Structures are given as C-alpha cells and as structure tokens.
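Below is one structure, written out as structure tokens; the observations come after it.
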Amino acid sequence: PFADRIGLLAADLDVIQIAREEAAERLKLPAKRAEWSDGAPLFPGKVRWPQYGWAAGACGFTALAATLLLPYFDLANIVMLFLLTVVLVAVLHGRGPAVLAAFLSVAAFDFFFVQPRFSFAVGDAQYLLTFAVMLAVALITGQLTANLRYQARVASSRELRSRALYEMARDLSSALQQEQISEISDKAIKAAFGTNATILLPDERDKLQAPLPESAETASVIDLGVAQWSFDHAEPAGFGTDTLPGSTMLYMPLRAPMRTRGVLAVKPLNKRWSLIPEQRRQLEAFAALIATALERVHYIEVAQSAIVKIESERLRNSVLSALSHDLRTPLTVLVGVADSLTLSQPPLGGKQSELAATLRDEAVRMSALVDNLLDMARLQAGEVKLNRQWQPFEEVVGSSLKARQQSLSGHRLRVALPADFPLLEFDAVLIERVL
C-alpha cells in the first residue's frame, strides 16, 4: 500500500490513515469498471434488471420457436438457434445478460428437447458433453461479443471526446478576448459534461478575481480561497483531489507554457464523477486548451500595446521633426532682425542696444534647442550619419563652455585636461551637445 511505501522510505515520518464512509463507498466501485455510452458514464456494477428480463424473454421465445421447428430440424440445428440467441443478447444487452442467456439456453434445451422431454433427467450420457460444450461455446461467444460491443462503445465515446476537443480548439483559435474564451469554454464543458464551469482570472497582483454573477450558475458556490491555493501551487484542488476534497467544486489550474493563467472551476454532477478517468483526462485537455488560448490572447494584447507605443513614438518624432523645420525659418529671421537692429544707424541707445542683444541671444539659444529637437528626432529614427573627424577634444570643450557662458556665469567651473591629450575621432557637433 501507498502508506506502507511512505513509511519504508521515510522512517522518521508518522503516517496517519483516516478512513471515511465516502472513501469506502468509492473503493467498492473500481474506476476500471466505468463505461461510456454516448458521452455519459455508466456503471455496470449496478444491476440493470430490464436487460436481464429481455435475455430471459429471448430464451423463452427461442424455445417456443424451436418447439415449432422440432419436427423439421435435428437437435444440432436447435442448438445453433440457442447459440444465435446468446450472441444477439450479448450484442444488444452486454456481458451479464449474455451469461444468463447461456445458462437458460442450456436449461431450456435440456428440459424441452432432450429425452426424456420436460424433465432435467438425461437419458443418454453423451448429452452431458453436449451440454458442457454448448454452455462453454455460449459463454465464450457471449463474452467475445460483449467485449466487442464494449470496445465499440469505448471507441464511439473516444470519437465523441476527440470531436469535442477538436470543436473547442477550433472555436478557441478564433477568440480574441478573454470574454469570448470564457463563453466558448462554458459552452463546450456544458455540452461534454452537462455541468457548468467558470474561469477565474488573476489581476495585476496575481489575486483571483471574483466571477461576475451572470458569468455562470456556479459563481455563487465558488470558494476563492481554494481556487487561490490551486492557482498559487499549480495543482488541482477541491472535489476528487487530495487537497480539500470536501469542497463541492473542482478547481483546475490553467497551466500555460509560460505561466498559470487562471483557474477553471467545475461543479461535478455526482460523487462518482471523479471515478471516471476518461472524464478527468478530457477535462484536463479542456483546461490545457483554455490556458493556451488565454496566453495567446495575452500576448496579442501585449503585441498590440507595443505596436501602439511604436506608432505613438513615431508620430511624436514626426511632429518634432516637422515642428523643428517650421521653427528654424522664423528663428533665423529673428536673429537677422536683432543683428540689423544692432547695426542700424543712428546707433541705438544703451537700453535699446541691450534689448536687441538680448533678443539675438535668446533667438540663437532657441534655434539651438530646435536643432537639438531635430537631431533627437533623427537619432530615434536612425537617420543620423556621424561626421567623424580627427580633432582636438579641448576645442569642443571650449565651444561648449562658450555656448553656455551666460548660464554658467554664476557658477564655479574647473576643466582639467592633460597637456598631451591626443587627437580623437568623433563628431564635434554631437559631442558638443552632449557636453
């Protein structure tokens, strides 16, 4: 047993086993006995008396028909009729009714057709071998036919599950919003399992949000604490699991390739629902499809946001470039007007000359700012070609200080350059702006 294996592997652990009536009832019906029929679970462990009644009726009808045909056919042909009845019962009603039909056929053949008739006494000992062979052939034929019927039903149910997965994957491939994924998932799970499901999505802090009241009928019974545990640990929780099995809901994490995208909350139909491995595997496949679709939608939103940002940046650069071009002409005119005022005759007075000089300096400074904006737009657009030449670095430092002489007039500034500083290859204009 599993508990004994744990005890052998870890002797320092105390293994405590707790039995419950619910768990004991589950053990009475092994999961391997579960059967599928048109997508609905069947439990052959539950006796279906009408089918046994049909088997007995079929044997009785065969005995009546064989009685009418007895004057025209030998007993070997009568045996074939009973074997045919066993095969038909196995095809239509399964293994248990076929076994009953096999025993009833041997009993009916012995009672109605073997001398002495209408008695279970056997006049010839050779008929004992006939009965044994007939019973063995009937049982083997019935078992083989019932197995083929079971395999056909299993194949049919697998085809239904595969078709449900295909249809869900097809519908999810065209979903572009989380609301569409939730609607498609709820519809597919309701069609496959006959129950409702709700998708719980996390917020920016990875906390699951409460579902909308109209999102699903299960919203009122969802335990966000259990769902959050399932999301944080990426493990199923709730009904039919080892974590909080007393919950009425089954919570399955939506594990995508990159991360867990949410939790799928499903309300099982009954207590035996978790005993059917096919149902669990199909639900896990549904959860994987939903998680992949959610991750795809997430990255679609990320890509769209990135495209919007790129286009916004491109538009901003275009506006800056156009604005810089438009401002360069009037600023050049202002500089020319200021120079004309300074050189005009008769000369301007002291106050007027100072104003003209200030006008020229501010116009030159604004022109330099516009040139900086234009160059920045070119840099971001990747259209700048560096004019690299070998030249002394101290000249660039001097021109930078001269350009900011007025701004630095109230500050102490010390420049330390070695006397043997070598020539450098760089773009003097851009380095000057950097400094």
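Following the order of the structure tokens, first chain is A, next is B, and so on, with residues numbered from 1 inside each chain and ligands from 1 in the order they appear.
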
Select from range 207-375 of chain A everything DSSP, run on the backbone, classes as alpha helix (DSSP H), then give the selection as a PyMOL selection string.
chain A and resi 224-233+277-343+350-375

- Query: Counting only C-alpha atoms, what is within 12 Å of Gly225 in chain A, bar same-chain residues fewer than 5 positions away, as a PyMOL selection string?
  - Reply: chain A and resi 200+207-210+230-232+237-238+244+247+251+263

Please, could you write that set of residues out with N, CA and C atoms as a PDB file, in the first residue's frame?
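Wrote out_15.pdb, looks like this:
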```
ATOM      1  N   LEU A 200     -11.701  31.657 -13.593  1.00  0.00           N
ATOM      2  CA  LEU A 200     -11.269  32.695 -12.663  1.00  0.00           C
ATOM      3  C   LEU A 200      -9.917  33.229 -13.134  1.00  0.00           C
ATOM      4  N   LYS A 207      -3.929  37.915  -7.851  1.00  0.00           N
ATOM      5  CA  LYS A 207      -5.039  37.551  -6.995  1.00  0.00           C
ATOM      6  C   LYS A 207      -6.264  37.283  -7.866  1.00  0.00           C
ATOM      7  N   LEU A 208      -6.858  36.110  -7.661  1.00  0.00           N
ATOM      8  CA  LEU A 208      -8.005  35.747  -8.488  1.00  0.00           C
ATOM      9  C   LEU A 208      -9.178  36.681  -8.214  1.00  0.00           C
ATOM     10  N   GLN A 209      -9.824  37.099  -9.272  1.00  0.00           N
ATOM     11  CA  GLN A 209     -10.972  37.979  -9.167  1.00  0.00           C
ATOM     12  C   GLN A 209     -12.255  37.160  -9.066  1.00  0.00           C
ATOM     13  N   ALA A 210     -13.202  37.685  -8.311  1.00  0.00           N
ATOM     14  CA  ALA A 210     -14.490  37.012  -8.177  1.00  0.00           C
ATOM     15  C   ALA A 210     -15.214  37.040  -9.518  1.00  0.00           C
ATOM     16  N   SER A 230      -5.084  26.629  -5.508  1.00  0.00           N
ATOM     17  CA  SER A 230      -4.828  25.903  -6.756  1.00  0.00           C
ATOM     18  C   SER A 230      -4.018  26.745  -7.724  1.00  0.00           C
ATOM     19  N   PHE A 231      -4.290  28.049  -7.782  1.00  0.00           N
ATOM     20  CA  PHE A 231      -3.559  28.935  -8.686  1.00  0.00           C
ATOM     21  C   PHE A 231      -2.106  29.106  -8.233  1.00  0.00           C
ATOM     22  N   ASP A 232      -1.899  29.297  -6.949  1.00  0.00           N
ATOM     23  CA  ASP A 232      -0.543  29.535  -6.434  1.00  0.00           C
ATOM     24  C   ASP A 232       0.340  28.302  -6.557  1.00  0.00           C
ATOM     25  N   ALA A 237      -7.391  21.176  -6.942  1.00  0.00           N
ATOM     26  CA  ALA A 237      -7.856  21.191  -5.558  1.00  0.00           C
ATOM     27  C   ALA A 237      -9.369  21.057  -5.562  1.00  0.00           C
ATOM     28  N   GLY A 238      -9.894  20.674  -4.392  1.00  0.00           N
ATOM     29  CA  GLY A 238     -11.331  20.558  -4.250  1.00  0.00           C
ATOM     30  C   GLY A 238     -11.823  19.151  -4.469  1.00  0.00           C
ATOM     31  N   LEU A 244      -8.357  19.471   0.105  1.00  0.00           N
ATOM     32  CA  LEU A 244      -9.725  19.927   0.407  1.00  0.00           C
ATOM     33  C   LEU A 244     -10.762  19.161  -0.409  1.00  0.00           C
ATOM     34  N   SER A 247     -14.776  19.967  -0.683  1.00  0.00           N
ATOM     35  CA  SER A 247     -15.390  21.042  -1.461  1.00  0.00           C
ATOM     36  C   SER A 247     -16.340  20.470  -2.504  1.00  0.00           C
ATOM     37  N   TYR A 251     -11.366  22.532  -8.737  1.00  0.00           N
ATOM     38  CA  TYR A 251     -10.595  23.675  -9.237  1.00  0.00           C
ATOM     39  C   TYR A 251      -9.351  23.143  -9.945  1.00  0.00           C
ATOM     40  N   VAL A 263      -7.784  29.775 -13.164  1.00  0.00           N
ATOM     41  CA  VAL A 263      -8.309  28.541 -12.573  1.00  0.00           C
ATOM     42  C   VAL A 263      -9.667  28.250 -13.204  1.00  0.00           C
TER      43      VAL A 263
END
```

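Taking only C-alpha atoms into account, Lys385 in chain A lies nearest to A:Leu430 out of the set A:Ala90, A:Ile199, A:Leu430, A:Val415.
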
Using only C-alpha atoms, the best pick from A:Pro277, A:Pro257, A:Gly7, A:Pro50 as closest to Arg296 in chain A would be A:Pro257

Task: Long-range neighbours of Pro392 in chain A as a ChimeraX atom specification, 7 Å cut-off, only C-alpha atoms, 3 positions minimum in chain - done: /A:395,423-424

Using N, CA and C atoms, can you write the selected residues to a file as a short mmCIF file (atom, residue, chain, number, x, y, z; two decimals), in the first residue's frame?
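New file again29.cif:
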```cif
data_model
loop_
_atom_site.label_atom_id
_atom_site.label_comp_id
_atom_site.auth_asym_id
_atom_site.auth_seq_id
_atom_site.Cartn_x
_atom_site.Cartn_y
_atom_site.Cartn_z
N GLU A 395 39.05 71.83 -27.94
CA GLU A 395 38.30 72.83 -28.68
C GLU A 395 36.80 72.63 -28.51
N LEU A 423 44.71 63.51 -30.18
CA LEU A 423 43.59 63.78 -31.06
C LEU A 423 42.61 62.60 -31.01
N LEU A 424 41.34 62.92 -31.14
CA LEU A 424 40.28 61.90 -31.11
C LEU A 424 39.44 61.99 -32.39
#
```
